[in-house]
Structures are given as C-alpha cells and as structure tokens.
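Below is one structure, written out as structure tokens, with a few remarks after it.
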Amino acid sequence: GNSVTQMEGPVTLSEEAFLTINCTYTATGYPSLFWYVQYPGEGLQLLLKATKADDKGSNKGFEATYRKETTSFHLEKGSVQVSDSAVYFCALSDLTTGNQFYFGTGTSLTVIP
Amino acid sequence: DSGVTQTPKHLITATGQRVTLRCSPRSGDLSVYWYQQSLDQGLQFLIQYYNGEERAKGNILERFSAQQFPDLHSELNLSSLELGDSALYFCASSATGLSSYEQYFGPGTRLTVT
C-alpha cells in the first residue's frame, strides 16, 4: 500500500541554520510528492511538489528532490528564518491507486532568533 | 486567504449527536476533499468529490457521509458522535479531480465531542 514516513519532531533551530526534514515513502504506482506547511491556526498550504523521479520542487528557499532509488523526498533549506516556524507535512498522491492522498505525521519546526 | 471557506469555525456537541460541517471551495474549483486531523491519527484523507460525484474514498467511517451540491459547496455529516471524533476537520479544493494538482485548504472546523 501507500504510506509516508516523516522524521519526528519537534525540531528547533537557530536562525540561519540549515534545515533538513526527512521523508520517505512507499507507493505501489507512480506517485506525486508534496510538501505542505501549516502555520499556527491556519490550514495547510502547498510549499512545493514533484510529479516524477528526479524532479526538484522549490519555493521560498525550500527544496526537495524526488528520489525514486531511495524512495525519498527530503525537504531542505539553507538558511531558516523565524517566520519558517510551522508544521511541515510530506504527502503523496497516487493516481494508479484511486486518487487518494496520504500525509506524513508532520514535523514541527521552531526557529529561534 | 486560500479562498476556501468552512463553517462553523468551532463546534461543541455531545456524544451520540449529529453535526454538519460546510465547505465552500475556491471559485472555479470543481473538486472538494475532506480531511480529519487529530493528535493520535495525524492528518487523514476522508473523501473526495468532483463536480458532484464521489471520486475517492479514504478512511471515512460509516457514521460519516458527505455530498457535493450543484453549486459545488460540500457538506460533511458526522452522526452518532463519539469522543474520538473530536478533531480538526479540513476541507480543501482543487481545480481538477486529479490529486496530483495543488489543493487549497480551508481554515478548518474544530469539533469537540463531550
């Protein structure tokens, strides 16, 4: 079946530190992969996505590369800011198994000045 | 502001009761998704509608049902409520029926069952 495994948090970093949040997946077909972000008190927002192997999604300084060989989609940012404090969700959708959407458990990030 | 609206924002009710959550998608979006977010289960996909028809079903209990109306708004009905149904319920919309497209999330309805 399909599933997403995400590194557990919470993660606390100092401003300008390097961020990596690990995400691995299991899928029976050819999934699309996503990172969503949830700021306090708000709904989720799409951060970036990749629809096929070796694609790199990027947005607001965040990047993630779809690695089929390691079934991974790790989120990275070179220099985090206080405003990046939020919960980050890795997710996949797999059209070949019914158009469902699968989320990881979320990783809480706090950036301190 | 994603353009997706959900009402009510908060709902407190007793076990055994029935509630209806409402979602209005972004203008022009044909697809609506419902999700449940709880501390122990995380974010779970419940069901998707596309242009009035059910498109995909996830971990939705039989006590729960949903529909999408001709004006494209959607309602999620939760009945015989249990304490464990307390959660944040999100609606999301997208332009197409394909889950590979971006979904825009509403602010959620927080349901508390006492």
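For the structure tokens, the naming scheme is as follows: chains receive sequential letters (A, B, ...) according to their order of presentation, residues are indexed from 1 within each chain, and ligands are indexed from 1 in presentation order.
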*Hey, what's within 9 Å of region 6-22 of chain B if we count only C-alpha atoms and toss same-chain stuff fewer than 4 positions away? As a PyMOL selection string, please?*
chain B and resi 73-83+89-91+106-114
Keeping only C-alpha atoms, write the selected residues to a file as a PDB file, in the first residue's frame.
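New file out-v1.pdb:
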ATOM      1  CA  HIS B  73     -20.297  23.520  -1.917  1.00  0.00           C
ATOM      2  CA  SER B  74     -19.902  20.394   0.163  1.00  0.00           C
ATOM      3  CA  GLU B  75     -21.165  19.135   3.487  1.00  0.00           C
ATOM      4  CA  LEU B  76     -19.686  16.525   5.772  1.00  0.00           C
ATOM      5  CA  ASN B  77     -22.218  14.850   8.039  1.00  0.00           C
ATOM      6  CA  LEU B  78     -21.000  13.162  11.202  1.00  0.00           C
ATOM      7  CA  SER B  79     -23.511  11.094  13.171  1.00  0.00           C
ATOM      8  CA  SER B  80     -23.605   9.041  16.373  1.00  0.00           C
ATOM      9  CA  LEU B  81     -20.658  11.081  17.509  1.00  0.00           C
ATOM     10  CA  GLU B  82     -18.066   9.583  19.818  1.00  0.00           C
ATOM     11  CA  LEU B  83     -15.400  11.232  21.945  1.00  0.00           C
ATOM     12  CA  TYR B  89     -11.777  18.825  10.021  1.00  0.00           C
ATOM     13  CA  PHE B  90     -10.316  20.418   6.924  1.00  0.00           C
ATOM     14  CA  CYS B  91     -11.808  20.904   3.540  1.00  0.00           C
ATOM     15  CA  GLY B 106      -9.722  25.996   4.346  1.00  0.00           C
ATOM     16  CA  PRO B 107      -9.089  27.133   7.927  1.00  0.00           C
ATOM     17  CA  GLY B 108     -10.800  24.067   9.384  1.00  0.00           C
ATOM     18  CA  THR B 109     -13.665  23.317  11.750  1.00  0.00           C
ATOM     19  CA  ARG B 110     -12.688  22.282  15.251  1.00  0.00           C
ATOM     20  CA  LEU B 111     -15.131  19.691  16.555  1.00  0.00           C
ATOM     21  CA  THR B 112     -15.234  18.892  20.251  1.00  0.00           C
ATOM     22  CA  VAL B 113     -17.393  15.988  21.380  1.00  0.00           C
ATOM     23  CA  THR B 114     -18.100  15.933  25.118  1.00  0.00           C
TER      24      THR B 114
END
*asked:* Which of region 22-54 of chain B end up as strand (DSSP E) when DSSP is run on this backbone - answer as a list in words?
replied: Arg22, Cys23, Ser24, Ser31, Val32, Tyr33, Trp34, Tyr35, Gln36, Gln37, Ser38, Gly42, Leu43, Gln44, Phe45, Leu46, Ile47, Gln48, Tyr49, Tyr50, Glu53 and Glu54 of chain B
*Output the contact residues of chain B with respect to chain A at a cut-off of 10 Å, based on only C-alpha atoms, as a ChimeraX atom specification.*
/B:1-2,4,33,35,37,39-48,55-58,88-92,97-108
*asked:* List as a ChimeraX atom specification the protein and nucleic acid residues near Ala17 (chain A), meaning an atom at most 8 Å away when only C-alpha atoms are counted, but skip any in the same chain fewer than 4 places from it.
replied: /A:13,78-80
Once you have the residues from the selection above, write them out as a compact mmCIF listing (two decimals), in the first residue's frame, restricted to all heavy atoms.
# COMPACT_ATOMS: atom_id res chain seq x y z
N LEU A 13 15.74 25.05 15.67
CA LEU A 13 16.97 25.53 15.04
C LEU A 13 17.16 27.01 15.33
O LEU A 13 16.17 27.74 15.54
CB LEU A 13 16.90 25.34 13.52
CG LEU A 13 16.86 23.91 12.99
CD1 LEU A 13 16.64 23.92 11.48
CD2 LEU A 13 18.15 23.19 13.32
N GLY A 78 18.56 26.21 3.12
CA GLY A 78 19.92 26.57 3.50
C GLY A 78 20.03 27.47 4.71
O GLY A 78 21.00 27.40 5.47
N SER A 79 19.03 28.34 4.91
CA SER A 79 19.12 29.32 5.99
C SER A 79 17.70 29.64 6.46
O SER A 79 16.98 30.37 5.79
CB SER A 79 19.82 30.58 5.48
OG SER A 79 19.83 31.59 6.47
N VAL A 80 17.33 29.06 7.60
CA VAL A 80 15.94 29.24 8.05
C VAL A 80 15.76 30.59 8.76
O VAL A 80 16.71 31.16 9.31
CB VAL A 80 15.50 28.09 8.99
CG1 VAL A 80 15.42 26.80 8.21
CG2 VAL A 80 16.42 27.96 10.19
*Separation of CA of Ser58 (chain A) from CA of Ala95 (chain B) in Å*: 21.5 Å
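Residues in contact range of Thr20 (chain A), defined as at most 12 Å between only C-alpha atoms, with sequence neighbours fewer than 2 positions away removed, read Gln6, Met7, Glu8, Gly9, Val11, Thr12, Leu13, Ala17, Phe18, Asn22, Cys23, Phe62, Glu63, Ala64, Phe73, His74, Leu75, Glu76, Lys77, Gly78, Ser79, Val80, Tyr88, Thr107 and Leu109 of chain A.
Taking CA of Tyr39 (chain A) and CA of Val111 (chain A) as endpoints, the distance between them is 12.8 Å.
CA of Thr96 (chain A) is found 17.9 Å from CA of Tyr66 (chain A).
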*Using only C-alpha atoms, determine which residues lie at most 9 Å from Ser14 (chain A), disregarding the query and same-chain residues fewer than 6 positions distant; provide the list as an NGL selection string.*
:A and (80-82 or 110-113)
